[in-house]
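Pasting target07.cif here (mmCIF, C-alpha atoms and all ligand atoms):
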data_model
#
loop_
_atom_site.group_PDB
_atom_site.id
_atom_site.type_symbol
_atom_site.label_atom_id
_atom_site.label_comp_id
_atom_site.auth_asym_id
_atom_site.auth_seq_id
_atom_site.Cartn_x
_atom_site.Cartn_y
_atom_site.Cartn_z
ATOM 1 C CA MET C 1 -5.452 -23.594 -19.203
ATOM 2 C CA ILE C 2 -2.074 -21.856 -19.137
ATOM 3 C CA ILE C 3 -1.693 -18.614 -21.103
ATOM 4 C CA SER C 4 1.809 -17.127 -21.197
ATOM 5 C CA ILE C 5 2.152 -13.441 -22.007
ATOM 6 C CA ALA C 6 5.491 -12.760 -23.678
ATOM 7 C CA SER C 7 7.221 -10.203 -25.859
ATOM 8 C CA GLY C 8 10.486 -10.265 -27.731
ATOM 9 C CA LYS C 9 11.202 -6.772 -26.474
ATOM 10 C CA GLY C 10 10.878 -5.140 -23.055
ATOM 11 C CA GLY C 11 8.536 -2.207 -22.503
ATOM 12 C CA THR C 12 5.828 -3.322 -24.937
ATOM 13 C CA GLY C 13 3.048 -3.578 -22.341
ATOM 14 C CA LYS C 14 3.331 -7.274 -21.474
ATOM 15 C CA THR C 15 2.629 -6.721 -17.781
ATOM 16 C CA THR C 16 -0.304 -4.430 -18.611
ATOM 17 C CA VAL C 17 -1.877 -7.247 -20.624
ATOM 18 C CA ALA C 18 -1.108 -9.970 -18.058
ATOM 19 C CA THR C 19 -2.452 -8.043 -15.055
ATOM 20 C CA ASN C 20 -5.550 -6.680 -16.785
ATOM 21 C CA LEU C 21 -6.435 -10.053 -18.306
ATOM 22 C CA ALA C 22 -6.066 -11.751 -14.913
ATOM 23 C CA VAL C 23 -8.129 -9.138 -13.046
ATOM 24 C CA SER C 24 -10.820 -9.104 -15.749
ATOM 25 C CA LEU C 25 -11.216 -12.885 -15.530
ATOM 26 C CA GLY C 26 -11.488 -12.573 -11.760
ATOM 27 C CA LYS C 27 -11.905 -15.150 -9.002
ATOM 28 C CA GLY C 28 -10.292 -18.533 -9.280
ATOM 29 C CA VAL C 29 -7.659 -17.332 -11.764
ATOM 30 C CA GLN C 30 -3.946 -17.465 -11.008
ATOM 31 C CA LEU C 31 -1.412 -14.869 -12.104
ATOM 32 C CA LEU C 32 2.216 -16.022 -11.989
ATOM 33 C CA ASP C 33 4.825 -13.302 -12.488
ATOM 34 C CA CYS C 34 7.789 -15.222 -13.923
ATOM 35 C CA ASP C 35 9.772 -12.099 -14.778
ATOM 36 C CA VAL C 36 11.886 -12.952 -11.744
ATOM 37 C CA GLU C 37 14.707 -10.518 -12.536
ATOM 38 C CA GLU C 38 12.338 -7.560 -12.452
ATOM 39 C CA PRO C 39 8.947 -8.630 -11.121
ATOM 40 C CA ASN C 40 6.512 -5.723 -11.284
ATOM 41 C CA ALA C 41 3.008 -7.180 -11.692
ATOM 42 C CA HIS C 42 2.489 -6.861 -7.912
ATOM 43 C CA LEU C 43 2.740 -3.061 -8.236
ATOM 44 C CA PHE C 44 -0.542 -3.139 -10.186
ATOM 45 C CA ILE C 45 -2.287 -6.110 -8.571
ATOM 46 C CA LYS C 46 -1.362 -4.957 -5.031
ATOM 47 C CA PRO C 47 -1.994 -8.387 -3.521
ATOM 48 C CA GLU C 48 -1.983 -9.195 0.162
ATOM 49 C CA PHE C 49 0.977 -11.519 0.534
ATOM 50 C CA GLU C 50 0.459 -14.411 2.930
ATOM 51 C CA LYS C 51 3.528 -16.545 2.398
ATOM 52 C CA THR C 52 7.215 -16.129 1.486
ATOM 53 C CA ILE C 53 9.252 -19.165 0.505
ATOM 54 C CA SER C 54 13.000 -19.283 0.016
ATOM 55 C CA VAL C 55 14.059 -21.191 -3.125
ATOM 56 C CA GLY C 56 17.431 -22.837 -3.543
ATOM 57 C CA MET C 57 19.067 -25.301 -5.892
ATOM 58 C CA PRO C 58 21.341 -28.258 -5.127
ATOM 59 C CA VAL C 59 25.085 -27.659 -5.420
ATOM 60 C CA PRO C 60 28.010 -29.966 -4.622
ATOM 61 C CA GLU C 61 29.891 -29.846 -1.308
ATOM 62 C CA VAL C 62 33.151 -31.793 -1.323
ATOM 63 C CA ASP C 63 34.543 -33.676 1.675
ATOM 64 C CA GLU C 64 38.299 -33.233 1.202
ATOM 65 C CA GLN C 65 38.975 -36.042 3.674
ATOM 66 C CA LYS C 66 37.283 -38.595 1.398
ATOM 67 C CA CYS C 67 38.377 -37.138 -1.979
ATOM 68 C CA THR C 68 41.180 -38.940 -3.847
ATOM 69 C CA HIS C 69 41.384 -36.230 -6.565
ATOM 70 C CA CYS C 70 40.547 -38.732 -9.286
ATOM 71 C CA GLY C 71 39.011 -35.972 -11.444
ATOM 72 C CA GLN C 72 35.829 -37.859 -12.450
ATOM 73 C CA CYS C 73 33.561 -35.094 -11.140
ATOM 74 C CA ALA C 74 35.332 -32.444 -13.239
ATOM 75 C CA GLU C 75 35.208 -34.731 -16.272
ATOM 76 C CA ILE C 76 31.449 -35.173 -16.204
ATOM 77 C CA CYS C 77 30.541 -31.562 -15.484
ATOM 78 C CA GLN C 78 29.470 -29.874 -18.729
ATOM 79 C CA PHE C 79 29.514 -26.434 -17.138
ATOM 80 C CA LYS C 80 33.069 -26.379 -15.721
ATOM 81 C CA ALA C 81 31.429 -25.879 -12.357
ATOM 82 C CA ILE C 82 33.781 -28.211 -10.514
ATOM 83 C CA VAL C 83 37.508 -28.454 -11.184
ATOM 84 C CA VAL C 84 40.347 -30.470 -9.714
ATOM 85 C CA ILE C 85 43.645 -28.641 -9.361
ATOM 86 C CA ALA C 86 46.485 -30.736 -7.915
ATOM 87 C CA GLU C 87 45.255 -31.767 -4.443
ATOM 88 C CA THR C 88 42.213 -29.498 -4.378
ATOM 89 C CA VAL C 89 38.642 -29.832 -5.686
ATOM 90 C CA LEU C 90 36.968 -26.489 -6.347
ATOM 91 C CA PRO C 91 33.212 -26.285 -6.903
ATOM 92 C CA PHE C 92 31.991 -23.023 -8.485
ATOM 93 C CA HIS C 93 28.451 -22.802 -7.199
ATOM 94 C CA GLU C 94 27.484 -19.850 -9.391
ATOM 95 C CA LEU C 95 28.205 -21.963 -12.529
ATOM 96 C CA CYS C 96 26.510 -25.104 -11.221
ATOM 97 C CA HIS C 97 23.215 -26.191 -12.851
ATOM 98 C CA GLY C 98 22.397 -28.619 -10.045
ATOM 99 C CA CYS C 99 22.268 -31.689 -12.303
ATOM 100 C CA GLY C 100 23.817 -33.938 -9.652
ATOM 101 C CA GLY C 101 26.141 -35.665 -12.143
ATOM 102 C CA CYS C 102 29.269 -35.122 -10.058
ATOM 103 C CA MET C 103 27.610 -36.624 -6.982
ATOM 104 C CA LEU C 104 26.604 -39.707 -8.949
ATOM 105 C CA VAL C 105 30.039 -40.409 -10.441
ATOM 106 C CA CYS C 106 32.183 -39.758 -7.373
ATOM 107 C CA PRO C 107 33.597 -43.204 -6.466
ATOM 108 C CA GLU C 108 34.424 -42.106 -2.917
ATOM 109 C CA LYS C 109 30.975 -40.628 -2.126
ATOM 110 C CA ALA C 110 32.919 -37.473 -1.259
ATOM 111 C CA ILE C 111 30.297 -35.133 -2.730
ATOM 112 C CA THR C 112 27.139 -34.283 -0.844
ATOM 113 C CA GLU C 113 24.279 -31.973 -1.705
ATOM 114 C CA GLY C 114 24.453 -28.424 -0.446
ATOM 115 C CA THR C 115 22.064 -25.595 -1.303
ATOM 116 C CA ARG C 116 22.546 -22.276 -3.032
ATOM 117 C CA GLU C 117 19.797 -19.713 -2.471
ATOM 118 C CA LEU C 118 18.317 -18.440 -5.754
ATOM 119 C CA GLY C 119 15.626 -16.124 -4.492
ATOM 120 C CA THR C 120 12.174 -16.076 -2.971
ATOM 121 C CA ILE C 121 8.603 -16.803 -3.946
ATOM 122 C CA GLU C 122 5.711 -14.813 -2.500
ATOM 123 C CA ILE C 123 2.112 -15.965 -2.605
ATOM 124 C CA GLY C 124 -0.851 -13.656 -2.128
ATOM 125 C CA HIS C 125 -4.403 -12.831 -3.197
ATOM 126 C CA ARG C 126 -6.477 -9.953 -4.503
ATOM 127 C CA ASN C 127 -10.276 -10.371 -4.620
ATOM 128 C CA GLY C 128 -10.045 -14.126 -5.167
ATOM 129 C CA LEU C 129 -7.240 -13.846 -7.748
ATOM 130 C CA GLU C 130 -4.242 -15.897 -6.657
ATOM 131 C CA PHE C 131 -0.967 -14.069 -7.236
ATOM 132 C CA ILE C 132 2.489 -15.677 -7.138
ATOM 133 C CA HIS C 133 5.796 -14.148 -8.072
ATOM 134 C CA GLY C 134 9.468 -14.966 -7.796
ATOM 135 C CA THR C 135 12.281 -12.547 -7.047
ATOM 136 C CA LEU C 136 15.796 -13.547 -8.076
ATOM 137 C CA LYS C 137 18.530 -12.798 -5.557
ATOM 138 C CA VAL C 138 20.689 -9.798 -6.526
ATOM 139 C CA GLY C 139 23.753 -11.004 -8.438
ATOM 140 C CA GLU C 140 22.202 -14.402 -9.217
ATOM 141 C CA ALA C 141 22.153 -15.338 -12.926
ATOM 142 C CA MET C 142 20.332 -18.683 -12.813
ATOM 143 C CA SER C 143 16.687 -17.693 -13.201
ATOM 144 C CA PRO C 144 15.118 -20.753 -14.957
ATOM 145 C CA PRO C 145 15.071 -22.966 -11.803
ATOM 146 C CA LEU C 146 13.266 -20.181 -9.897
ATOM 147 C CA ILE C 147 10.845 -19.689 -12.805
ATOM 148 C CA ARG C 148 10.111 -23.428 -12.857
ATOM 149 C CA LYS C 149 9.462 -23.269 -9.125
ATOM 150 C CA VAL C 150 7.002 -20.375 -9.582
ATOM 151 C CA ARG C 151 5.294 -22.397 -12.324
ATOM 152 C CA SER C 152 5.022 -25.415 -10.067
ATOM 153 C CA TYR C 153 2.254 -23.508 -8.231
ATOM 154 C CA ALA C 154 0.034 -23.583 -11.350
ATOM 155 C CA LYS C 155 -3.094 -25.603 -10.590
ATOM 156 C CA PRO C 156 -4.396 -27.781 -13.439
ATOM 157 C CA ASP C 157 -8.049 -26.905 -12.752
ATOM 158 C CA ARG C 158 -7.428 -23.147 -12.940
ATOM 159 C CA VAL C 159 -6.877 -20.590 -15.659
ATOM 160 C CA THR C 160 -3.244 -19.588 -15.145
ATOM 161 C CA ILE C 161 -1.825 -16.409 -16.636
ATOM 162 C CA ILE C 162 1.971 -16.229 -16.788
ATOM 163 C CA ASP C 163 3.797 -12.915 -17.139
ATOM 164 C CA ALA C 164 7.002 -14.061 -18.879
ATOM 165 C CA PRO C 165 10.303 -12.153 -18.947
ATOM 166 C CA PRO C 166 11.091 -10.181 -22.121
ATOM 167 C CA GLY C 167 13.419 -11.579 -24.781
ATOM 168 C CA THR C 168 13.818 -15.060 -26.275
ATOM 169 C CA SER C 169 16.453 -16.670 -24.034
ATOM 170 C CA CYS C 170 16.262 -19.506 -21.473
ATOM 171 C CA PRO C 171 14.096 -17.643 -18.894
ATOM 172 C CA VAL C 172 11.465 -16.965 -21.572
ATOM 173 C CA ILE C 173 11.516 -20.567 -22.746
ATOM 174 C CA ALA C 174 11.067 -21.691 -19.109
ATOM 175 C CA SER C 175 8.016 -19.396 -18.926
ATOM 176 C CA ILE C 176 6.263 -20.462 -22.149
ATOM 177 C CA LYS C 177 7.172 -24.146 -22.483
ATOM 178 C CA GLY C 178 4.121 -26.311 -21.861
ATOM 179 C CA ALA C 179 1.665 -23.389 -22.072
ATOM 180 C CA ASP C 180 -1.592 -23.878 -23.976
ATOM 181 C CA PHE C 181 -1.291 -20.499 -25.671
ATOM 182 C CA VAL C 182 1.231 -17.674 -25.918
ATOM 183 C CA LEU C 183 0.086 -14.091 -26.291
ATOM 184 C CA LEU C 184 2.866 -12.023 -27.839
ATOM 185 C CA VAL C 185 2.638 -8.336 -27.039
ATOM 186 C CA THR C 186 4.322 -6.114 -29.579
ATOM 187 C CA GLU C 187 4.332 -2.580 -30.921
ATOM 188 C CA PRO C 188 4.159 -1.424 -34.558
ATOM 189 C CA THR C 189 7.760 -0.236 -34.868
ATOM 190 C CA PRO C 190 10.820 -1.683 -36.635
ATOM 191 C CA PHE C 191 12.303 -2.733 -33.249
ATOM 192 C CA GLY C 192 8.994 -4.292 -32.242
ATOM 193 C CA LEU C 193 8.808 -6.259 -35.505
ATOM 194 C CA HIS C 194 12.426 -7.421 -35.276
ATOM 195 C CA ASP C 195 11.988 -8.804 -31.761
ATOM 196 C CA LEU C 196 8.526 -10.167 -32.559
ATOM 197 C CA LYS C 197 10.003 -12.320 -35.328
ATOM 198 C CA LEU C 198 12.505 -13.791 -32.858
ATOM 199 C CA ALA C 199 9.755 -14.440 -30.319
ATOM 200 C CA VAL C 200 7.495 -16.114 -32.909
ATOM 201 C CA GLY C 201 10.417 -18.334 -33.927
ATOM 202 C CA ALA C 202 10.950 -19.441 -30.323
ATOM 203 C CA VAL C 203 7.241 -20.090 -29.717
ATOM 204 C CA ARG C 204 6.944 -22.109 -32.928
ATOM 205 C CA LEU C 205 9.950 -24.219 -31.998
ATOM 206 C CA LEU C 206 8.078 -25.174 -28.832
ATOM 207 C CA GLY C 207 4.940 -25.949 -30.828
ATOM 208 C CA VAL C 208 2.675 -23.658 -28.780
ATOM 209 C CA PRO C 209 -0.128 -21.773 -30.587
ATOM 210 C CA CYS C 210 0.191 -18.006 -30.376
ATOM 211 C CA GLY C 211 -1.532 -14.737 -31.183
ATOM 212 C CA LEU C 212 -0.611 -11.068 -31.093
ATOM 213 C CA ILE C 213 -1.602 -8.006 -29.152
ATOM 214 C CA ILE C 214 -0.462 -4.728 -30.675
ATOM 215 C CA ASN C 215 0.108 -2.058 -28.063
ATOM 216 C CA ARG C 216 0.263 1.644 -28.971
ATOM 217 C CA SER C 217 -1.396 0.395 -32.147
ATOM 218 C CA ASP C 218 -2.120 3.826 -33.609
ATOM 219 C CA MET C 219 1.569 4.735 -33.739
ATOM 220 C CA GLY C 220 4.372 3.440 -35.983
ATOM 221 C CA ASP C 221 3.691 1.628 -39.248
ATOM 222 C CA ASP C 222 1.792 -1.368 -40.692
ATOM 223 C CA HIS C 223 4.700 -3.796 -40.999
ATOM 224 C CA VAL C 224 3.728 -5.789 -37.898
ATOM 225 C CA ARG C 225 0.202 -6.280 -39.287
ATOM 226 C CA GLU C 226 1.584 -7.294 -42.698
ATOM 227 C CA TYR C 227 3.923 -9.767 -40.992
ATOM 228 C CA ALA C 228 1.039 -11.190 -38.938
ATOM 229 C CA THR C 229 -1.082 -11.667 -42.067
ATOM 230 C CA GLY C 230 1.791 -13.312 -43.933
ATOM 231 C CA GLU C 231 2.504 -15.691 -41.042
ATOM 232 C CA GLY C 232 -1.145 -16.456 -40.293
ATOM 233 C CA LEU C 233 -0.865 -14.998 -36.778
ATOM 234 C CA PRO C 234 -4.165 -13.741 -35.359
ATOM 235 C CA ILE C 235 -4.160 -10.178 -33.998
ATOM 236 C CA LEU C 236 -6.365 -10.610 -30.950
ATOM 237 C CA MET C 237 -6.356 -7.090 -29.550
ATOM 238 C CA GLU C 238 -5.070 -3.626 -30.354
ATOM 239 C CA ILE C 239 -4.495 -1.100 -27.587
ATOM 240 C CA PRO C 240 -4.157 2.460 -28.920
ATOM 241 C CA PHE C 241 -1.834 4.968 -27.313
ATOM 242 C CA ASP C 242 -3.776 6.939 -24.743
ATOM 243 C CA ARG C 243 -2.152 9.457 -22.434
ATOM 244 C CA SER C 244 -4.576 8.605 -19.622
ATOM 245 C CA ILE C 245 -3.574 4.899 -19.878
ATOM 246 C CA ALA C 246 0.125 5.841 -19.719
ATOM 247 C CA GLU C 247 -0.480 8.124 -16.736
ATOM 248 C CA ALA C 248 -2.482 5.426 -14.930
ATOM 249 C CA TYR C 249 0.352 2.932 -15.575
ATOM 250 C CA SER C 250 2.914 5.333 -14.108
ATOM 251 C CA ARG C 251 0.730 5.613 -10.980
ATOM 252 C CA GLY C 252 0.514 1.820 -10.688
ATOM 253 C CA GLN C 253 -3.160 1.747 -11.704
ATOM 254 C CA MET C 254 -4.831 -0.955 -13.769
ATOM 255 C CA LEU C 255 -6.246 -0.149 -17.202
ATOM 256 C CA VAL C 256 -9.548 -1.849 -16.268
ATOM 257 C CA ASP C 257 -9.813 0.357 -13.174
ATOM 258 C CA VAL C 258 -9.415 3.658 -15.051
ATOM 259 C CA GLN C 259 -11.336 2.576 -18.185
ATOM 260 C CA PRO C 260 -13.751 -0.199 -17.083
ATOM 261 C CA GLU C 261 -14.906 -0.874 -20.660
ATOM 262 C CA TRP C 262 -11.614 -2.728 -21.152
ATOM 263 C CA LYS C 263 -12.747 -5.471 -18.778
ATOM 264 C CA GLU C 264 -15.237 -6.863 -21.314
ATOM 265 C CA ARG C 265 -12.575 -6.609 -24.015
ATOM 266 C CA PHE C 266 -10.145 -8.694 -21.958
ATOM 267 C CA ILE C 267 -12.889 -11.255 -21.248
ATOM 268 C CA GLY C 268 -13.556 -11.322 -25.021
ATOM 269 C CA LEU C 269 -9.834 -11.842 -25.597
ATOM 270 C CA PHE C 270 -9.903 -14.877 -23.317
ATOM 271 C CA THR C 271 -12.909 -16.303 -25.206
ATOM 272 C CA ARG C 272 -11.011 -15.923 -28.488
ATOM 273 C CA ILE C 273 -8.024 -17.738 -26.988
ATOM 274 C CA GLN C 274 -10.274 -20.571 -25.808
ATOM 275 C CA GLU C 275 -11.677 -20.920 -29.320
ATOM 276 C CA LEU C 276 -8.183 -20.968 -30.817
ATOM 277 C CA VAL C 277 -6.888 -23.525 -28.307
ATOM 278 C CA ASP C 278 -9.887 -25.812 -28.608
ATOM 279 C CA PRO C 279 -12.581 -24.724 -31.078
ATOM 280 C CA ALA C 280 -14.826 -27.565 -29.903
ATOM 281 C CA LYS C 281 -14.957 -26.255 -26.352
ATOM 282 C CA GLY C 282 -15.582 -22.567 -27.098
ATOM 283 C CA ASP C 283 -16.446 -21.064 -23.723
ATOM 284 C CA GLY C 284 -16.002 -24.399 -21.981
ATOM 285 C CA ILE C 285 -13.833 -23.015 -19.174
ATOM 286 C CA LYS C 286 -16.157 -21.249 -16.818
ATOM 287 C CA LEU C 287 -14.918 -18.350 -14.764
ATOM 288 C CA GLN C 288 -16.113 -17.016 -11.460
ATOM 289 C CA LYS C 289 -16.504 -13.322 -12.149
ATOM 290 C CA SER C 290 -15.316 -11.035 -9.415
ATOM 291 C CA GLY C 291 -17.978 -8.467 -10.289
HETATM 292 S S1 LIG L 301 35.001 -37.562 -8.174
HETATM 293 FE FE1 LIG L 301 35.006 -37.522 -5.941
HETATM 294 S S2 LIG L 301 36.957 -38.409 -5.418
HETATM 295 FE FE2 LIG L 301 37.129 -37.857 -7.546
HETATM 296 S S3 LIG L 301 37.971 -35.768 -7.538
HETATM 297 FE FE3 LIG L 301 35.765 -35.536 -7.556
HETATM 298 S S4 LIG L 301 35.208 -35.373 -5.401
HETATM 299 FE FE4 LIG L 301 37.268 -36.196 -5.447
HETATM 300 S S1 LIG L 302 25.818 -30.682 -10.058
HETATM 301 FE FE1 LIG L 302 26.104 -30.864 -12.282
HETATM 302 S S2 LIG L 302 26.493 -28.756 -12.925
HETATM 303 FE FE2 LIG L 302 26.825 -28.784 -10.741
HETATM 304 S S3 LIG L 302 28.995 -29.154 -10.490
HETATM 305 FE FE3 LIG L 302 27.979 -31.161 -10.406
HETATM 306 S S4 LIG L 302 28.049 -31.925 -12.514
HETATM 307 FE FE4 LIG L 302 28.498 -29.710 -12.601
#
Structure rendered as structure tokens:
Amino acid sequence: MIISIASGKGGTGKTTVATNLAVSLGKGVQLLDCDVEEPNAHLFIKPEFEKTISVGMPVPEVDEQKCTHCGQCAEICQFKAIVVIAETVLPFHELCHGCGGCMLVCPEKAITEGTRELGTIEIGHRNGLEFIHGTLKVGEAMSPPLIRKVRSYAKPDRVTIIDAPPGTSCPVIASIKGADFVLLVTEPTPFGLHDLKLAVGAVRLLGVPCGLIINRSDMGDDHVREYATGEGLPILMEIPFDRSIAEAYSRGQMLVDVQPEWKERFIGLFTRIQELVDPAKGDGIKLQKSG
């Protein structure tokens, strides 16, 4: 089962939910941090990293000796990532989406596949929890291919928790598409509600069931709850504002470590999600508790 944790807005507590849910479920679970522009789940999980993998994407390299400057490569490219100016072909690797179209249409076979480095993936463990995150190279804008690569490590026989980037743009879609359930973390403020509505719209377009977690639930107003009721969105957990939780977060500590009673609540949250995804199975997915 794949559960993506998302939020329309940054700073709502998405990583708190993702890390605490993963640690509460324990051994055999995977946590994938797909917030590749600012990965921070590792600061709380503190995994032992065993492997670092460099991730690149294919980009065109042009052999000027073979090129006849026919312009077919520039014509097919939808991203203006390769242009022909007089007797020169210029590929712009930072605009290239790696579709390979230009290589296919070149009649002279003058285009070969080069590689542009996007970032790295690190794989580690903490007490039987498998942790994988991607880190986008500084200055690189193309995060979805790296996110897809991080997601390729999801194992079908595992419970996989994905910490998605904030917002509703392409990187978020790459992190929630194909998930079994999306948990949207929000806060009861006008900004929280505004961005929640955008996030719900994106999740519904993808046809993935979703539910809400309201963080700092004792602050703000009731408009998020009213919206959830009106839209038939289940509120699966409320986390009140607590200074000790905020202080623990700022020290890089897990909520379940400073207030262990939350572990059972996160396990209960997972059971609710299982029931929503497949009511017939209930607690069908067994977990190996880490104790
Ligand atoms: S399609 Fe091939 S031959 Fe034509 S301009 Fe592009 S690289 Fe040159
Ligand atoms: S690989 Fe695709 S996106 Fe990149 S330059 Fe060629 S046609 Fe354009």
Open item on the list: Let me see if you get this right: every residue at most 6 Å from ligand LIG 301 (chain L), counting all atoms listed in the file, written as a ChimeraX atom specification.
Closed with: /C:62,67-73,106-108,110-111
- [ ] Enumerate, as a PyMOL selection string, the residues matched when the PyMOL selection byres (((not hetatm)) within 8 of (chain L and resi 302)) is run on the file above.
- [x] chain C and resi 58-60+73-74+76-82+91-93+95-103
Task: Residues returned when the PyMOL selection byres (((chain C and resi 220) around 8) and not hetatm) runs on this file, as a ChimeraX atom specification - done: /C:187-189,217-219,221-222
Kindly compute an axis-aligned box around the listed atoms of range 63-80 of chain C, allowing 8 Å on each side, and express its centre and edge lengths in Å to one decimal as AutoDock Vina command-line options.
--center_x 35.4 --center_y -32.7 --center_z -7.5 --size_x 27.9 --size_y 28.6 --size_z 38.4
Check which residues of range 202-240 of chain C sit at most 12 Å from range 244-264 of chain C using all atoms listed in the file, and return one row each with the closest pair of atoms and their distance in Å to one decimal, ordered by chain and rising number, as a Markdown table.
| residue | atom | partner | partner_atom | distance |
| --- | --- | --- | --- | --- |
| C:Asn215 | CA | C:Ile245 | CA | 11.4 |
| C:Arg216 | CA | C:Ala246 | CA | 10.2 |
| C:Met237 | CA | C:Trp262 | CA | 10.8 |
| C:Glu238 | CA | C:Trp262 | CA | 11.3 |
| C:Ile239 | CA | C:Trp262 | CA | 9.7 |
| C:Pro240 | CA | C:Ile245 | CA | 9.4 |
